[in-house]
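Undergrad: Dropping in coords27.txt, with compact mmCIF, C-alpha atoms.
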```txt
# COMPACT_ATOMS: atom_id res chain seq x y z
CA MET A 1 -15.04 11.62 6.17
CA ASN A 2 -13.96 13.70 3.17
CA ASN A 3 -11.41 12.60 0.60
CA THR A 4 -8.73 15.08 1.71
CA LEU A 5 -8.69 13.70 5.25
CA LEU A 6 -8.68 10.12 3.97
CA TYR A 7 -5.72 10.96 1.75
CA VAL A 8 -3.80 12.63 4.59
CA ILE A 9 -4.42 9.69 6.95
CA THR A 10 -3.25 7.19 4.32
CA VAL A 11 -0.09 9.15 3.50
CA LEU A 12 0.89 9.84 7.11
CA ILE A 13 0.38 6.26 8.30
CA TRP A 14 1.84 4.36 5.36
CA GLY A 15 4.63 6.91 5.07
CA THR A 16 5.84 5.69 8.48
CA THR A 17 5.23 1.96 8.09
CA TRP A 18 8.42 1.51 6.01
CA ILE A 19 10.37 2.25 9.20
CA ALA A 20 8.17 -0.03 11.30
CA ILE A 21 8.61 -2.90 8.82
CA ASN A 22 12.39 -2.71 9.28
CA TYR A 23 11.86 -3.70 12.93
CA GLN A 24 9.90 -6.75 11.77
CA LEU A 25 12.78 -8.12 9.71
CA GLY A 26 15.58 -10.20 11.18
CA ASP A 27 15.14 -13.14 13.54
CA VAL A 28 11.45 -13.68 12.79
CA PRO A 29 10.58 -15.08 9.32
CA ALA A 30 8.83 -12.52 7.12
CA GLU A 31 5.91 -14.93 6.66
CA ALA A 32 5.40 -15.19 10.42
CA SER A 33 5.48 -11.40 10.86
CA ILE A 34 2.82 -11.02 8.17
CA VAL A 35 0.65 -13.67 9.87
CA TYR A 36 0.97 -11.85 13.21
CA ARG A 37 0.22 -8.48 11.61
CA PHE A 38 -2.89 -9.39 9.66
CA GLY A 39 -4.04 -12.07 12.08
CA LEU A 40 -4.16 -9.51 14.88
CA ALA A 41 -5.81 -6.94 12.59
CA ALA A 42 -8.44 -9.49 11.51
CA LEU A 43 -9.17 -10.43 15.11
CA LEU A 44 -9.70 -6.79 16.06
CA LEU A 45 -11.91 -6.18 13.02
CA PHE A 46 -14.09 -9.21 13.77
CA ALA A 47 -14.42 -8.02 17.37
CA TYR A 48 -15.45 -4.56 16.11
CA CYS A 49 -18.03 -6.08 13.76
CA ARG A 50 -19.50 -8.12 16.60
CA PHE A 51 -19.60 -5.06 18.84
CA LYS A 52 -21.37 -3.03 16.13
CA LYS A 53 -23.59 -6.03 15.31
CA LEU A 54 -22.45 -6.05 11.67
CA SER A 55 -23.33 -9.23 9.82
CA LEU A 56 -20.44 -11.59 9.16
CA ALA A 57 -22.53 -14.16 7.26
CA PHE A 58 -21.77 -14.41 3.53
CA ASN A 59 -22.38 -17.01 0.83
CA LYS A 60 -19.78 -19.19 -0.88
CA LYS A 61 -19.33 -16.86 -3.87
CA GLN A 62 -18.71 -13.91 -1.58
CA HIS A 63 -16.18 -15.88 0.48
CA LEU A 64 -14.32 -16.80 -2.71
CA GLN A 65 -14.17 -13.08 -3.48
CA PHE A 66 -12.82 -12.40 0.03
CA LEU A 67 -10.26 -15.18 -0.45
CA PHE A 68 -8.99 -13.69 -3.71
CA PHE A 69 -8.97 -10.24 -2.11
CA GLY A 70 -6.97 -11.50 0.86
CA LEU A 71 -4.43 -13.39 -1.23
CA MET A 72 -3.73 -10.37 -3.43
CA LEU A 73 -3.67 -7.56 -0.87
CA PHE A 74 -2.84 -9.15 2.50
CA GLY A 75 -0.83 -12.19 1.47
CA CYS A 76 1.21 -12.30 -1.73
CA ASN A 77 1.65 -8.53 -1.85
CA TYR A 78 3.31 -8.30 1.56
CA TYR A 79 5.25 -11.54 1.20
CA PHE A 80 7.12 -10.17 -1.81
CA LEU A 81 7.53 -6.66 -0.35
CA TYR A 82 8.87 -7.94 2.99
CA SER A 83 11.20 -10.31 1.12
CA ALA A 84 12.40 -7.49 -1.15
CA GLN A 85 13.46 -5.33 1.79
CA GLN A 86 15.89 -8.06 2.84
CA HIS A 87 17.82 -7.48 -0.40
CA ILE A 88 17.50 -3.74 -1.13
CA ASN A 89 17.34 -0.57 0.92
CA SER A 90 14.11 1.27 1.66
CA ALA A 91 14.91 3.92 -0.96
CA LEU A 92 14.88 1.43 -3.83
CA ALA A 93 11.84 -0.32 -2.34
CA SER A 94 9.97 3.00 -2.25
CA ILE A 95 10.80 3.73 -5.88
CA ALA A 96 9.76 0.26 -7.03
CA PHE A 97 6.51 0.35 -5.04
CA SER A 98 5.63 3.77 -6.47
CA MET A 99 5.16 1.96 -9.78
CA ILE A 100 1.76 0.94 -8.43
CA MET A 101 0.54 4.19 -9.97
CA PHE A 102 1.24 2.88 -13.45
CA PHE A 103 0.02 -0.63 -12.66
CA ASN A 104 -3.24 0.86 -11.39
CA VAL A 105 -3.62 2.96 -14.52
CA ILE A 106 -3.23 -0.13 -16.70
CA ASN A 107 -5.39 -2.37 -14.49
CA ALA A 108 -8.15 0.22 -14.16
CA ARG A 109 -8.27 0.37 -17.94
CA ILE A 110 -8.39 -3.44 -18.25
CA TRP A 111 -10.80 -4.16 -15.39
CA PHE A 112 -13.16 -1.20 -15.58
CA ASN A 113 -12.36 0.53 -18.89
CA THR A 114 -11.41 3.65 -16.94
CA LYS A 115 -10.25 6.51 -19.11
CA ILE A 116 -7.06 8.11 -17.82
CA THR A 117 -6.42 11.80 -18.43
CA GLN A 118 -3.15 13.35 -19.56
CA GLN A 119 -3.18 15.20 -16.23
CA THR A 120 -2.90 11.88 -14.38
CA TYR A 121 -0.04 10.66 -16.57
CA LEU A 122 1.81 13.95 -16.03
CA GLY A 123 1.32 13.78 -12.27
CA ALA A 124 2.50 10.17 -12.16
CA PHE A 125 5.61 11.03 -14.20
CA LEU A 126 6.40 13.95 -11.89
CA GLY A 127 5.91 11.76 -8.84
CA LEU A 128 8.26 9.04 -10.02
CA THR A 129 10.83 11.62 -11.12
CA GLY A 130 10.62 13.28 -7.72
CA ILE A 131 11.29 10.02 -5.88
CA VAL A 132 14.31 9.24 -8.07
CA VAL A 133 15.74 12.73 -7.45
CA LEU A 134 14.97 12.50 -3.73
CA PHE A 135 16.93 9.27 -3.34
CA TRP A 136 19.53 9.89 -6.04
CA PRO A 137 22.57 9.83 -3.66
CA GLN A 138 21.54 6.38 -2.38
CA ILE A 139 20.73 5.15 -5.88
CA ASN A 140 24.06 6.41 -7.21
CA ASP A 141 25.92 4.48 -4.51
CA THR A 142 24.02 1.24 -5.18
CA GLU A 143 25.73 -1.47 -7.18
CA LEU A 144 23.34 -3.06 -9.64
CA GLY A 145 24.30 -6.63 -8.79
CA ALA A 146 22.35 -9.86 -8.48
CA GLU A 147 21.19 -8.98 -4.95
CA THR A 148 19.77 -5.62 -6.02
CA LEU A 149 18.08 -7.05 -9.10
CA LEU A 150 16.50 -9.79 -7.00
CA GLY A 151 15.16 -7.25 -4.51
CA LEU A 152 13.76 -5.01 -7.24
CA SER A 153 12.14 -7.98 -8.97
CA LEU A 154 10.47 -9.11 -5.74
CA CYS A 155 9.25 -5.57 -5.11
CA PHE A 156 7.78 -5.23 -8.60
CA VAL A 157 5.94 -8.56 -8.24
CA GLY A 158 4.60 -7.50 -4.84
CA THR A 159 3.46 -4.19 -6.31
CA LEU A 160 1.65 -6.00 -9.12
CA PHE A 161 -0.21 -8.10 -6.55
CA ALA A 162 -1.04 -4.92 -4.60
CA SER A 163 -2.47 -3.30 -7.73
CA THR A 164 -4.58 -6.39 -8.43
CA GLY A 165 -5.81 -6.23 -4.84
CA ASN A 166 -6.84 -2.62 -5.47
CA MET A 167 -8.94 -3.75 -8.42
CA VAL A 168 -10.52 -6.56 -6.38
CA SER A 169 -11.45 -4.03 -3.70
CA MET A 170 -13.22 -1.90 -6.31
CA LYS A 171 -14.96 -5.08 -7.49
CA ASN A 172 -16.07 -5.68 -3.89
CA LYS A 173 -17.75 -2.29 -3.97
CA LEU A 174 -19.59 -3.16 -7.18
CA MET A 175 -20.76 -6.40 -5.54
CA ASN A 176 -22.09 -4.36 -2.57
CA LEU A 177 -19.76 -6.11 -0.14
CA PRO A 178 -19.30 -4.07 3.07
CA MET A 179 -15.70 -2.88 3.41
CA MET A 180 -15.24 -3.54 7.13
CA GLN A 181 -16.30 -7.18 6.84
CA ALA A 182 -14.44 -7.60 3.55
CA ASN A 183 -11.23 -6.38 5.18
CA ALA A 184 -11.75 -8.67 8.18
CA TRP A 185 -12.29 -11.79 6.06
CA GLY A 186 -9.59 -10.77 3.58
CA MET A 187 -6.98 -10.31 6.31
CA LEU A 188 -7.98 -13.64 7.87
CA TYR A 189 -7.61 -15.46 4.56
CA GLY A 190 -4.33 -13.68 3.89
CA SER A 191 -3.04 -14.82 7.30
CA ILE A 192 -4.10 -18.42 6.67
CA PHE A 193 -2.38 -18.41 3.28
CA MET A 194 0.85 -17.05 4.80
CA THR A 195 0.66 -19.69 7.55
CA LEU A 196 0.46 -22.46 4.94
CA LEU A 197 3.30 -20.89 2.95
CA LEU A 198 5.49 -20.74 6.04
CA LEU A 199 4.82 -24.39 6.92
CA VAL A 200 5.39 -25.60 3.32
CA GLN A 201 8.79 -23.91 3.35
CA GLY A 202 9.68 -25.73 6.53
CA LYS A 203 9.98 -22.57 8.59
CA SER A 204 8.76 -22.28 12.15
CA PHE A 205 6.76 -19.66 14.00
CA SER A 206 9.16 -17.68 16.12
CA PHE A 207 8.59 -14.42 17.95
CA SER A 208 10.77 -11.56 19.12
CA TYR A 209 9.87 -10.41 22.62
CA THR A 210 11.67 -7.12 22.18
CA LEU A 211 10.02 -3.72 22.54
CA PRO A 212 10.84 -2.59 18.95
CA TYR A 213 9.31 -5.75 17.43
CA ILE A 214 6.16 -5.80 19.57
CA SER A 215 5.50 -2.06 19.31
CA SER A 216 6.04 -2.04 15.54
CA LEU A 217 3.74 -5.08 15.21
CA ILE A 218 0.95 -3.32 17.10
CA TYR A 219 1.45 -0.16 15.05
CA LEU A 220 1.38 -2.09 11.77
CA SER A 221 -1.71 -4.06 12.79
CA VAL A 222 -3.84 -1.23 14.15
CA PHE A 223 -2.70 1.79 12.18
CA GLY A 224 -0.94 0.31 9.15
CA SER A 225 -3.60 -2.34 8.50
CA ILE A 226 -6.98 -1.48 10.03
CA ILE A 227 -7.03 2.32 9.81
CA ALA A 228 -4.85 2.91 6.74
CA PHE A 229 -6.48 0.23 4.60
CA ALA A 230 -9.97 1.45 5.53
CA SER A 231 -8.97 5.01 4.57
CA TYR A 232 -7.16 4.05 1.38
CA LEU A 233 -9.78 1.63 0.07
CA THR A 234 -12.53 4.16 0.74
CA LEU A 235 -10.50 6.74 -1.15
CA LEU A 236 -9.95 4.20 -3.90
CA ASN A 237 -13.67 3.87 -4.49
CA ASN A 238 -14.27 7.61 -4.17
CA ILE A 239 -11.67 9.02 -6.58
CA GLY A 240 -10.40 5.99 -8.49
CA ALA A 241 -7.33 3.76 -8.21
CA HIS A 242 -5.18 5.87 -10.55
CA LYS A 243 -5.53 8.95 -8.32
CA ALA A 244 -5.60 7.26 -4.92
CA SER A 245 -2.38 5.37 -5.68
CA TYR A 246 -0.47 8.67 -5.90
CA ALA A 247 -0.41 8.40 -2.12
CA SER A 248 2.37 5.82 -2.63
CA VAL A 249 4.55 8.60 -4.04
CA MET A 250 4.02 10.69 -0.93
CA PHE A 251 5.18 7.86 1.39
CA PRO A 252 8.92 8.52 0.81
CA ALA A 253 8.37 12.23 1.43
CA VAL A 254 6.86 11.46 4.84
CA ALA A 255 9.61 8.92 5.54
CA VAL A 256 12.25 11.58 4.87
CA VAL A 257 10.60 13.97 7.33
CA ILE A 258 10.35 11.24 9.98
CA SER A 259 13.98 10.27 9.40
CA THR A 260 15.00 13.92 9.75
CA ILE A 261 13.27 14.21 13.13
CA PHE A 262 14.23 10.87 14.68
CA GLU A 263 17.34 9.72 12.81
CA GLY A 264 19.13 12.99 12.06
CA PHE A 265 18.80 12.71 8.27
CA SER A 266 20.69 15.56 6.60
CA TRP A 267 18.97 17.31 3.72
CA ASN A 268 20.75 18.18 0.49
CA ILE A 269 19.83 19.75 -2.84
CA TYR A 270 18.40 16.42 -4.06
CA THR A 271 16.09 16.26 -1.03
CA VAL A 272 14.69 19.73 -1.65
CA ILE A 273 14.24 19.36 -5.43
CA GLY A 274 12.83 15.84 -5.11
CA LEU A 275 10.22 16.87 -2.54
CA LEU A 276 9.19 19.90 -4.60
CA ILE A 277 8.68 17.72 -7.69
CA ILE A 278 6.66 15.18 -5.68
CA VAL A 279 4.42 17.92 -4.27
CA ALA A 280 3.97 19.37 -7.78
CA GLY A 281 2.93 15.96 -9.07
CA ASN A 282 0.52 15.58 -6.16
CA ILE A 283 -1.12 18.89 -7.06
CA VAL A 284 -1.37 17.93 -10.73
CA VAL A 285 -3.00 14.56 -10.01
CA LEU A 286 -5.51 15.67 -7.41
CA THR A 287 -6.53 19.05 -8.82
CA LYS A 288 -9.86 18.88 -10.59
CA PRO A 289 -9.56 19.91 -14.22
CA LYS A 290 -11.35 23.12 -15.13
CA LYS A 291 -14.46 22.68 -17.18
CA LYS A 292 -14.30 24.43 -20.50
CA ASN A 293 -17.06 26.91 -21.06
CA ILE A 294 -18.93 26.23 -24.27
CA ILE A 295 -20.14 29.38 -25.95
CA ILE A 296 -23.11 28.89 -28.18
CA THR A 297 -23.54 31.61 -30.76
CA PRO A 298 -26.86 32.28 -32.43
```
Please rewrite the model in this file as C-alpha cells.
TA:
Amino acid sequence: MNNTLLYVITVLIWGTTWIAINYQLGDVPAEASIVYRFGLAALLLFAYCRFKKLSLAFNKKQHLQFLFFGLMLFGCNYYFLYSAQQHINSALASIAFSMIMFFNVINARIWFNTKITQQTYLGAFLGLTGIVVLFWPQINDTELGAETLLGLSLCFVGTLFASTGNMVSMKNKLMNLPMMQANAWGMLYGSIFMTLLLLVQGKSFSFSYTLPYISSLIYLSVFGSIIAFASYLTLLNNIGAHKASYASVMFPAVAVVISTIFEGFSWNIYTVIGLLIIVAGNIVVLTKPKKKNIIITP
C-alpha cells in the first residue's frame, strides 16, 4: 500500500473519530470506554494473528517494549484526551492535539537525531495557523477560565504521550518487531492499565446499551484503532514522524466536512480561509524538495 493511500485512510478515519468519541462520553466512565475500545481491538487483532498463523511468542524484553508502547499510545494518551473533551469543545481539543507535529519534531530529534527541514517547519506553522483560523469563531467565544485551562492542559499532556508512543513505534521497527503483533499486545496492555486505573479510582464498569454508544464503540475499535493505527504507524516508519503527524492537522478539516453534511454546519469566511491554509501546509510538508543540480565546470 503506497504512502498516499495510507495518509488518506488515516486522515479520513481519524478525522471522523472526534465525533464518535463524543458518543462515548457521558454515563460511561472514560476509562471504561477506553478499555472496551482497545480491548475489543486487541481481541480482534489476536484472532487475526491466529488466523494468519502469525507468531505471538515474544521474550521478556520484547514484552516490556510492548508494555511501554501500550501505556504511551493506547492508555495514557487516550485517558488524557478523553478527559480533556469533558472540559473543552472539540475545536480546542483539535487545536491542542495538532501540537503533536511540534512534539514529534522535537522527539524525533532527541530519539533518532532526525534533521528537520525548514519546509517541515513552514508546513507545520501553516497547519496550526489554518486550524486556529478555521475555529476562530468558537475560540473567540470561549472564556479562558479554569475549566478551559484544565481541558487544554489535559489535552497537551495526552498529546505528549501520543508523541512518545510514536517514537516507541519507530523503535519497534528498529527492533524488528512485527507491527500487527505489536499493536495487539500494545492494545491489550493499554486496556489492562486502564482497567487498573479505573479500579484504583473507585469507578465501576458500566455500559450504555444505546445504539449511538455501541455503534461508535465498534467504529472506534475496528476503524479508529485497528485500521487507522496500522495505516498511520506504517506511514510513520515510511516518511517519518514529523511528516506523518501532519495528518493530525487534516482531522479538523475532515470533521468540518462531516459536520456540514450531517449536522448542517454553516461555512463562513474563517472556514474557507482556514481550510485553504491547512491544505497549503499539507502540500508544503508532503511535497518532496527539488534536488539542486550541481554544475561542475572544467
Undergrad: Just how far from atom CA of Ile131 of chain A is atom CA of Pro252 of chain A, in Å to one decimal?
TA: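 Spanning atom CA of Pro252 of chain A to atom CA of Ile131 of chain A is a straight-line distance of 7.3 Å.
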Undergrad: Wanna dump the segment 96-207 of chain A-segment 75-85 of chain A contacts at 7 Å for me, each residue with its shortest atom pair and the distance in Å to one decimal, counting all atoms listed in the file, ordered by chain and number, as JSON lines?
TA:
```
{"residue": "A:Gly151", "atom": "CA", "partner": "A:Ala84", "partner_atom": "CA", "distance": 4.4}
{"residue": "A:Leu152", "atom": "CA", "partner": "A:Ala84", "partner_atom": "CA", "distance": 6.7}
{"residue": "A:Leu154", "atom": "CA", "partner": "A:Ala84", "partner_atom": "CA", "distance": 5.2}
{"residue": "A:Cys155", "atom": "CA", "partner": "A:Leu81", "partner_atom": "CA", "distance": 5.2}
{"residue": "A:Val157", "atom": "CA", "partner": "A:Phe80", "partner_atom": "CA", "distance": 6.7}
{"residue": "A:Gly158", "atom": "CA", "partner": "A:Asn77", "partner_atom": "CA", "distance": 4.3}
{"residue": "A:Thr159", "atom": "CA", "partner": "A:Asn77", "partner_atom": "CA", "distance": 6.5}
{"residue": "A:Phe161", "atom": "CA", "partner": "A:Asn77", "partner_atom": "CA", "distance": 5.1}
{"residue": "A:Ala162", "atom": "CA", "partner": "A:Asn77", "partner_atom": "CA", "distance": 5.3}
{"residue": "A:Gly190", "atom": "CA", "partner": "A:Gly75", "partner_atom": "CA", "distance": 4.5}
{"residue": "A:Ser191", "atom": "CA", "partner": "A:Gly75", "partner_atom": "CA", "distance": 6.8}
{"residue": "A:Phe193", "atom": "CA", "partner": "A:Gly75", "partner_atom": "CA", "distance": 6.7}
{"residue": "A:Met194", "atom": "CA", "partner": "A:Gly75", "partner_atom": "CA", "distance": 6.1}
```
Undergrad: Check which residues of segment 165-225 of chain A sit at most 9 Å from segment 51-57 of chain A using only C-alpha atoms, and return one row each with the closest pair of atoms and their distance in Å to one decimal, ordered by chain and rising number, as a tab-separated table.
TA:
```
residue	atom	partner	partner_atom	distance
A:Met180	CA	A:Leu54	CA	8.9
A:Gln181	CA	A:Leu56	CA	6.5
A:Trp185	CA	A:Leu56	CA	8.7
```
Undergrad: Write out as a ChimeraX atom specification which residues come within 9 Å of Val11 of chain A when counting all atoms listed in the file, dropping same-chain ones fewer than 5 positions away.
TA: /A:6,16,228,232,247-251,254
Undergrad: My list of candidates is A:Asn2, A:Leu199, A:Trp267, A:Ser98. Which is closest to Leu126 of chain A when distances are computed with only C-alpha atoms?
TA: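 Nearest candidate to Leu126 of chain A out of A:Asn2, A:Leu199, A:Trp267, A:Ser98: A:Ser98.
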